[in-house]
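Contents: one structure, followed by commentary.
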Amino acid sequence: MSKGDRSMKKVVQVHWLLISALCAALACAPSETPQKTEAPAPKPAKNIPVDEIFAYAGQQLAKSVELVRDGDKFPFYAENDGTWKTMDSSWWCSGFFAGCLWLMYEKTGDEVWKTHADKWTKGMEKEQYIKADADIGYRIINSYGNAYAATGDNQYGKVVVKAAESLASRYSPKIGCVKAYDMDQWKFPILIDHMMNIELMFMGARMGGDPRWKDQAEQHGLNTIRTCIRPDGSSIQVVDLDPETGAKIKDDTLCGLSGDSAWSRGHGEGIYGMAIAYRETRNPKFLDAFKVLADYYIANVPADYVPYWDFKDPNIPNTIRDSSAASMTADGLLEMCAQLPEGPDKAKYFELAENILDSLCSNYLTKGTNRPGILDHGSFQTPEKMGADTSLIFGDYNFLSALKKYKAMKM
């Protein structure tokens with residue numbers, strides 16, 4: 001017998017000994033009925049009163065229409081005296097008020113809301129030609145983009161396409177990014193929150209504009225992932241790039257605590273933007289980035305699901321919250337959930353969105369205050385500067401947008 005044969009014989013003998021011992025043990029064991037494992041109790045369904053919230057939003061928006069009146073003035077944040085601080089159409093968030101009005105029109109079908117929405121949308125018309133910054137996305141998507149979605153009127157659609165062309169003019173083929181701003185302190189800045197602006201290029205390409213805009217928007221998004229998301233899942237608001245090589249020069253911020261912090265609204269806008277980029281491209285890198293950002297939110301948000309204004313503020317919990325960061329996060333989560341197949345990921349992110357909306361509806365409405373907005377305790381930037389701990393028009397918009405998505409998914 002060869003050495004190999006002897007080894008094989010020993011292995012077989014050992015296997016038989018183990019099998020015999022197992023059989024003996026089973027024969028001696030007492031006969032018992034196996035105990036069934038109890039399935040986990042289903043979580044109680046949330047009772048988010050979407051119709052009731054939209055009715056309240058309608059009251060607040062009607063009040064805001066009377067307060068502002070002028071279609072060339074656009075709400076920004078609520079003042080302490082119960083009025084809106086307004087800006088002109090060039091301000092980055094000027095399109096959100098029209099967006100709120102269009103969402104009310106879609107919800108109710110009431111022509112009064114369409115009239116109001118059209119008034120504040122037409123006030124944005126000249127912004128389609130502006131090439132000075134990337135915030136044209138915020139201005140046009142929420143006004144003319146919502147107008148086109150609500151009516152199908154191509155007169156609105158033409159403005160969206162022209163605005164997408166203006167935004168695309170800021171794209172650098174050399175480094176594959178859209179330059180956010182022309183500011184002396186930076187050479188070529190990109191922002192995590194500008195993933196929401198980049199949607200305009202996807203829209204424009206889809207609506208008959210230059211098909212290259214889609215590829216450029218995708219490349220910008222991939223470079224945003226590369227530069228603006230840390231290994232721990234936190235996000236950097238501003239990254240300055242070398243305009244020749246695309247290499248990172250430094251991390252910085254406009255609205256957060258510092259270049260080393262994690263500003264919560266920008267993080268929420270990143271979640272939303274990654275969901276949009278995945279919807280438009282089906283590139284799995286955007287899904288992966290979405291998960292990293294969303295999981296960081298889960299790990300770092302307080303128990304009521306509404307974050308502090310900056311995740312890394314050393315004064316937590318003795319600092320301000322940002323309900324607008326929560327509403328943008330919920331909107332982005334539901335945008336992605338609409339695209340995901342049934343399974344653990346979809347269930348996890350839908351539950352997070354539902355918990356955020358439940359908290360906002362229960363604890364953050366402006367009821368009982370003189371605020372003209374819908375949500376209270378939003379924060380534009382640092383606690384010491386303007387628009388801290390108050391109503392913010394963009395927080396209201398994404399809150400209504402998220403509620404609309406939520407109801408559609410629950411039906």
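Every chain in the structure tokens has a letter given in the order shown (A, B, ...), and although residue numbers restart at 1 in each chain, ligands are simply numbered from 1 in the order shown.
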Test item: residues at most 12 Å from Leu365 (chain A), only C-alpha atoms, excluding those fewer than 5 positions along its chain, as a count of residues only: 27
Would you list, as an MDAnalysis selection string, the residues of region 160-407 of chain A that end up in alpha helix (DSSP H) under DSSP run on this structure's backbone? chainID A and resid 160:168 199:206 212:228 264:281 284:300 323:337 344:363 393:407
Using only C-alpha atoms, find the one residue out of A:Asn197, A:Thr329, A:Thr281, A:Asn223 that sits nearest to Glu354 (chain A).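 Among A:Asn197, A:Thr329, A:Thr281, A:Asn223, it is A:Thr329 that comes nearest to Glu354 (chain A).
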Between CA of Glu79 (chain A) and CA of Thr369 (chain A) - distance in Å to one decimal: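 Calculated distance between CA of Thr369 (chain A) and CA of Glu79 (chain A) is 11.8 Å.
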May I ask which of the residues A:Val65, A:Cys93, A:Leu352, A:Val178 is the closest one to Ala299 (chain A), counting only C-alpha atoms?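 Using only C-alpha atoms, Ala299 (chain A) sits closest to A:Leu352.
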Check the DSSP output for the backbone and give back, as a list in words, the residues of region 147-266 of chain A in strand (DSSP E).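 Filtering region 147-266 of chain A down to strand (DSSP E) leaves Tyr171, Ser172, Cys177, Val178, Pro189, Ile190, Leu191, Val238, Val239, Asp240, Leu241, Lys248, Ile249, Lys250, Asp251 and Asp252 of chain A.
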Filtering to N, CA and C atoms, could you give me those residues as a short mmCIF file (atom, residue, chain, number, x, y, z; two decimals), in the first residue's frame?
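See part02.cif below for the written result:
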```
data_model
loop_
_atom_site.label_atom_id
_atom_site.label_comp_id
_atom_site.auth_asym_id
_atom_site.auth_seq_id
_atom_site.Cartn_x
_atom_site.Cartn_y
_atom_site.Cartn_z
N TYR A 171 -18.28 73.69 -17.22
CA TYR A 171 -17.64 72.37 -17.13
C TYR A 171 -16.24 72.41 -17.72
N SER A 172 -15.29 71.82 -17.01
CA SER A 172 -13.91 71.71 -17.50
C SER A 172 -13.65 70.28 -17.97
N CYS A 177 -15.12 68.40 -14.17
CA CYS A 177 -15.95 68.99 -13.11
C CYS A 177 -16.56 70.31 -13.58
N VAL A 178 -17.68 70.66 -12.96
CA VAL A 178 -18.31 71.96 -13.13
C VAL A 178 -17.78 72.87 -12.02
N PRO A 189 -13.28 75.40 -7.24
CA PRO A 189 -14.04 74.75 -6.17
C PRO A 189 -15.19 73.89 -6.69
N ILE A 190 -15.38 72.74 -6.02
CA ILE A 190 -16.61 71.96 -6.21
C ILE A 190 -17.20 71.72 -4.83
N LEU A 191 -18.54 71.56 -4.76
CA LEU A 191 -19.24 71.45 -3.49
C LEU A 191 -20.08 70.18 -3.45
N VAL A 238 -16.71 72.00 0.66
CA VAL A 238 -15.99 72.60 -0.47
C VAL A 238 -14.63 71.93 -0.62
N VAL A 239 -14.32 71.54 -1.84
CA VAL A 239 -12.99 71.03 -2.17
C VAL A 239 -12.43 71.89 -3.30
N ASP A 240 -11.26 72.43 -3.09
CA ASP A 240 -10.60 73.22 -4.14
C ASP A 240 -9.67 72.30 -4.92
N LEU A 241 -9.81 72.33 -6.25
CA LEU A 241 -9.04 71.45 -7.12
C LEU A 241 -8.05 72.24 -7.95
N LYS A 248 -6.54 67.46 -5.50
CA LYS A 248 -7.10 68.25 -4.41
C LYS A 248 -6.05 69.21 -3.86
N ILE A 249 -6.44 70.48 -3.71
CA ILE A 249 -5.58 71.48 -3.09
C ILE A 249 -5.88 71.56 -1.59
N LYS A 250 -7.18 71.68 -1.25
CA LYS A 250 -7.54 71.74 0.16
C LYS A 250 -9.03 71.49 0.34
N ASP A 251 -9.38 71.13 1.58
CA ASP A 251 -10.78 71.02 1.99
C ASP A 251 -11.18 72.32 2.67
N ASP A 252 -12.44 72.75 2.41
CA ASP A 252 -12.87 74.03 2.97
C ASP A 252 -14.39 74.00 3.16
#
```
For region 149-162 of chain A, list every protein, DNA or RNA residue within 9 Å, evaluated using only C-alpha atoms, and leave out those in the same chain fewer than 4 positions away; present the list as a compact mmCIF listing (two decimals) with N, CA and C atoms, in the first residue's frame.
```
# COMPACT_ATOMS: atom_id res chain seq x y z
N TRP A 102 -45.77 75.21 -6.97
CA TRP A 102 -46.05 74.17 -7.97
C TRP A 102 -46.43 72.86 -7.30
N LEU A 103 -45.79 72.51 -6.20
CA LEU A 103 -46.14 71.28 -5.49
C LEU A 103 -47.57 71.37 -4.94
N TYR A 105 -49.97 73.10 -6.33
CA TYR A 105 -50.84 72.95 -7.50
C TYR A 105 -50.98 71.48 -7.88
N GLU A 106 -49.87 70.75 -7.88
CA GLU A 106 -49.93 69.32 -8.21
C GLU A 106 -50.78 68.56 -7.19
N GLU A 125 -37.11 84.19 -15.03
CA GLU A 125 -36.82 83.92 -16.43
C GLU A 125 -35.41 84.32 -16.86
N GLN A 128 -31.96 82.02 -16.66
CA GLN A 128 -31.54 80.94 -17.56
C GLN A 128 -30.25 81.27 -18.31
N TYR A 129 -29.90 82.54 -18.40
CA TYR A 129 -28.73 82.95 -19.17
C TYR A 129 -27.48 83.16 -18.31
N ILE A 140 -33.33 77.24 -11.33
CA ILE A 140 -34.18 76.84 -12.45
C ILE A 140 -34.88 75.51 -12.23
N ILE A 141 -34.23 74.53 -11.62
CA ILE A 141 -34.87 73.23 -11.40
C ILE A 141 -36.16 73.40 -10.61
N TYR A 144 -38.70 76.56 -13.01
CA TYR A 144 -39.10 76.11 -14.34
C TYR A 144 -39.15 74.59 -14.47
N GLY A 145 -38.29 73.89 -13.76
CA GLY A 145 -38.34 72.43 -13.82
C GLY A 145 -39.65 71.90 -13.26
N SER A 166 -26.25 76.92 -20.01
CA SER A 166 -25.47 77.90 -19.24
C SER A 166 -24.64 77.21 -18.17
N LEU A 167 -25.22 76.25 -17.46
CA LEU A 167 -24.47 75.52 -16.43
C LEU A 167 -23.33 74.72 -17.05
N LEU A 200 -29.63 69.67 -13.19
CA LEU A 200 -30.07 70.49 -14.33
C LEU A 200 -29.46 69.99 -15.64
N MET A 201 -28.22 69.54 -15.61
CA MET A 201 -27.59 69.04 -16.83
C MET A 201 -28.20 67.72 -17.27
N MET A 203 -31.32 66.91 -16.67
CA MET A 203 -32.63 67.30 -17.19
C MET A 203 -32.52 67.86 -18.60
N GLY A 204 -31.57 68.77 -18.80
CA GLY A 204 -31.43 69.40 -20.11
C GLY A 204 -31.12 68.40 -21.20
N ALA A 205 -30.24 67.45 -20.91
CA ALA A 205 -29.90 66.43 -21.91
C ALA A 205 -31.12 65.57 -22.22
N MET A 207 -34.19 66.45 -22.06
CA MET A 207 -35.28 67.22 -22.67
C MET A 207 -34.91 67.78 -24.04
N GLY A 208 -33.90 67.21 -24.67
CA GLY A 208 -33.57 67.59 -26.05
C GLY A 208 -32.33 68.43 -26.20
N GLY A 209 -31.62 68.71 -25.11
CA GLY A 209 -30.38 69.47 -25.19
C GLY A 209 -29.21 68.59 -25.61
N ASP A 210 -28.03 69.10 -25.46
CA ASP A 210 -26.81 68.39 -25.86
C ASP A 210 -26.67 67.10 -25.03
```
Shortest interatomic distance to Asp345 (chain A) - which of A:Met124, A:Ala294, A:Val306, A:Ile198, counting only C-alpha atoms: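 Of A:Met124, A:Ala294, A:Val306, A:Ile198, the one nearest Asp345 (chain A), counting only C-alpha atoms, is A:Ala294.
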Wanna dump the region 149-221 of chain A-region 262-266 of chain A contacts at 9 Å for me, each residue with its shortest atom pair and the distance in Å to one decimal, counting only C-alpha atoms, ordered by chain and number, as a Markdown table?
```
| residue | atom | partner | partner_atom | distance |
| --- | --- | --- | --- | --- |
| A:Leu191 | CA | A:Gly266 | CA | 8.2 |
| A:Ile192 | CA | A:Gly266 | CA | 6.1 |
| A:Asp193 | CA | A:Gly266 | CA | 4.6 |
| A:His194 | CA | A:Gly266 | CA | 8.4 |
```
Do a neighbour search on Glu335 (chain A) at 12 Å with only C-alpha atoms, toss out local chain neighbours closer than 4 positions, and write the hits as an NGL selection string. :A and (271-280 or 287 or 290 or 328-331 or 339-340 or 346 or 349-350 or 353 or 398 or 401-406 or 408-409)
Could you write those residues out with N, CA and C atoms, as a PDB file, in the first residue's frame?
```pdb
ATOM      1  N   ILE A 271     -26.712  63.334  -0.345  1.00  0.00           N
ATOM      2  CA  ILE A 271     -27.557  62.135  -0.405  1.00  0.00           C
ATOM      3  C   ILE A 271     -28.574  62.268  -1.541  1.00  0.00           C
ATOM      4  N   TYR A 272     -29.218  63.426  -1.611  1.00  0.00           N
ATOM      5  CA  TYR A 272     -30.208  63.670  -2.667  1.00  0.00           C
ATOM      6  C   TYR A 272     -29.548  63.618  -4.048  1.00  0.00           C
ATOM      7  N   GLY A 273     -28.403  64.288  -4.167  1.00  0.00           N
ATOM      8  CA  GLY A 273     -27.738  64.354  -5.461  1.00  0.00           C
ATOM      9  C   GLY A 273     -27.261  63.004  -5.955  1.00  0.00           C
ATOM     10  N   MET A 274     -26.784  62.152  -5.046  1.00  0.00           N
ATOM     11  CA  MET A 274     -26.345  60.809  -5.448  1.00  0.00           C
ATOM     12  C   MET A 274     -27.532  59.968  -5.917  1.00  0.00           C
ATOM     13  N   ALA A 275     -28.680  60.153  -5.273  1.00  0.00           N
ATOM     14  CA  ALA A 275     -29.882  59.438  -5.705  1.00  0.00           C
ATOM     15  C   ALA A 275     -30.300  59.856  -7.111  1.00  0.00           C
ATOM     16  N   ILE A 276     -30.212  61.160  -7.388  1.00  0.00           N
ATOM     17  CA  ILE A 276     -30.552  61.652  -8.734  1.00  0.00           C
ATOM     18  C   ILE A 276     -29.562  61.113  -9.764  1.00  0.00           C
ATOM     19  N   ALA A 277     -28.265  61.157  -9.437  1.00  0.00           N
ATOM     20  CA  ALA A 277     -27.245  60.677 -10.376  1.00  0.00           C
ATOM     21  C   ALA A 277     -27.427  59.186 -10.663  1.00  0.00           C
ATOM     22  N   TYR A 278     -27.800  58.430  -9.641  1.00  0.00           N
ATOM     23  CA  TYR A 278     -28.050  56.993  -9.866  1.00  0.00           C
ATOM     24  C   TYR A 278     -29.278  56.792 -10.744  1.00  0.00           C
ATOM     25  N   ARG A 279     -30.309  57.578 -10.502  1.00  0.00           N
ATOM     26  CA  ARG A 279     -31.520  57.470 -11.327  1.00  0.00           C
ATOM     27  C   ARG A 279     -31.215  57.738 -12.797  1.00  0.00           C
ATOM     28  N   GLU A 280     -30.381  58.726 -13.060  1.00  0.00           N
ATOM     29  CA  GLU A 280     -30.126  59.139 -14.436  1.00  0.00           C
ATOM     30  C   GLU A 280     -29.105  58.257 -15.147  1.00  0.00           C
ATOM     31  N   LEU A 287     -24.834  54.656  -6.288  1.00  0.00           N
ATOM     32  CA  LEU A 287     -25.570  53.924  -5.258  1.00  0.00           C
ATOM     33  C   LEU A 287     -24.675  53.668  -4.051  1.00  0.00           C
ATOM     34  N   PHE A 290     -24.237  56.901  -2.169  1.00  0.00           N
ATOM     35  CA  PHE A 290     -25.476  57.181  -1.445  1.00  0.00           C
ATOM     36  C   PHE A 290     -25.520  56.393  -0.134  1.00  0.00           C
ATOM     37  N   MET A 328     -34.142  67.583   3.309  1.00  0.00           N
ATOM     38  CA  MET A 328     -33.402  67.232   2.096  1.00  0.00           C
ATOM     39  C   MET A 328     -32.953  65.777   2.129  1.00  0.00           C
ATOM     40  N   THR A 329     -32.546  65.310   3.307  1.00  0.00           N
ATOM     41  CA  THR A 329     -32.153  63.911   3.439  1.00  0.00           C
ATOM     42  C   THR A 329     -33.334  62.993   3.168  1.00  0.00           C
ATOM     43  N   ALA A 330     -34.479  63.289   3.766  1.00  0.00           N
ATOM     44  CA  ALA A 330     -35.670  62.460   3.553  1.00  0.00           C
ATOM     45  C   ALA A 330     -36.063  62.432   2.080  1.00  0.00           C
ATOM     46  N   ASP A 331     -35.996  63.576   1.421  1.00  0.00           N
ATOM     47  CA  ASP A 331     -36.343  63.655   0.002  1.00  0.00           C
ATOM     48  C   ASP A 331     -35.412  62.777  -0.831  1.00  0.00           C
ATOM     49  N   GLN A 339     -36.244  53.675  -6.589  1.00  0.00           N
ATOM     50  CA  GLN A 339     -35.467  52.975  -7.605  1.00  0.00           C
ATOM     51  C   GLN A 339     -34.958  51.612  -7.150  1.00  0.00           C
ATOM     52  N   LEU A 340     -34.933  51.373  -5.845  1.00  0.00           N
ATOM     53  CA  LEU A 340     -34.359  50.140  -5.316  1.00  0.00           C
ATOM     54  C   LEU A 340     -35.369  49.002  -5.355  1.00  0.00           C
ATOM     55  N   LYS A 346     -33.661  48.823   0.765  1.00  0.00           N
ATOM     56  CA  LYS A 346     -34.827  49.673   0.566  1.00  0.00           C
ATOM     57  C   LYS A 346     -35.594  49.840   1.876  1.00  0.00           C
ATOM     58  N   TYR A 349     -33.642  52.306   4.281  1.00  0.00           N
ATOM     59  CA  TYR A 349     -33.648  53.721   3.927  1.00  0.00           C
ATOM     60  C   TYR A 349     -35.059  54.298   3.921  1.00  0.00           C
ATOM     61  N   PHE A 350     -36.048  53.469   3.608  1.00  0.00           N
ATOM     62  CA  PHE A 350     -37.429  53.954   3.694  1.00  0.00           C
ATOM     63  C   PHE A 350     -37.802  54.205   5.157  1.00  0.00           C
ATOM     64  N   ALA A 353     -36.298  57.488   6.216  1.00  0.00           N
ATOM     65  CA  ALA A 353     -37.059  58.618   5.673  1.00  0.00           C
ATOM     66  C   ALA A 353     -38.368  58.804   6.431  1.00  0.00           C
ATOM     67  N   ASN A 398     -38.250  70.940   0.199  1.00  0.00           N
ATOM     68  CA  ASN A 398     -37.895  69.516   0.214  1.00  0.00           C
ATOM     69  C   ASN A 398     -38.772  68.717   1.167  1.00  0.00           C
ATOM     70  N   SER A 401     -41.788  68.065  -0.987  1.00  0.00           N
ATOM     71  CA  SER A 401     -41.390  67.115  -2.019  1.00  0.00           C
ATOM     72  C   SER A 401     -41.275  65.708  -1.449  1.00  0.00           C
ATOM     73  N   ALA A 402     -40.705  65.589  -0.251  1.00  0.00           N
ATOM     74  CA  ALA A 402     -40.568  64.278   0.389  1.00  0.00           C
ATOM     75  C   ALA A 402     -41.935  63.703   0.759  1.00  0.00           C
ATOM     76  N   LEU A 403     -42.823  64.548   1.288  1.00  0.00           N
ATOM     77  CA  LEU A 403     -44.156  64.074   1.633  1.00  0.00           C
ATOM     78  C   LEU A 403     -44.913  63.571   0.395  1.00  0.00           C
ATOM     79  N   LYS A 404     -44.744  64.267  -0.707  1.00  0.00           N
ATOM     80  CA  LYS A 404     -45.387  63.838  -1.964  1.00  0.00           C
ATOM     81  C   LYS A 404     -44.857  62.467  -2.377  1.00  0.00           C
ATOM     82  N   LYS A 405     -43.554  62.273  -2.340  1.00  0.00           N
ATOM     83  CA  LYS A 405     -42.979  60.963  -2.683  1.00  0.00           C
ATOM     84  C   LYS A 405     -43.447  59.882  -1.715  1.00  0.00           C
ATOM     85  N   TYR A 406     -43.463  60.247  -0.435  1.00  0.00           N
ATOM     86  CA  TYR A 406     -43.872  59.277   0.594  1.00  0.00           C
ATOM     87  C   TYR A 406     -45.288  58.777   0.359  1.00  0.00           C
ATOM     88  N   ALA A 408     -46.989  58.726  -2.410  1.00  0.00           N
ATOM     89  CA  ALA A 408     -47.041  57.929  -3.634  1.00  0.00           C
ATOM     90  C   ALA A 408     -46.545  56.504  -3.377  1.00  0.00           C
ATOM     91  N   MET A 409     -45.530  56.369  -2.530  1.00  0.00           N
ATOM     92  CA  MET A 409     -44.969  55.043  -2.261  1.00  0.00           C
ATOM     93  C   MET A 409     -45.845  54.245  -1.291  1.00  0.00           C
TER      94      MET A 409
END
```
Excluding same-chain residues fewer than 5 positions from region 314-317 of chain A, what lies within 12 Å of it counting only C-alpha atoms, as number ranges by chain? A: 257-258, 261-262, 300-303, 307-309, 383
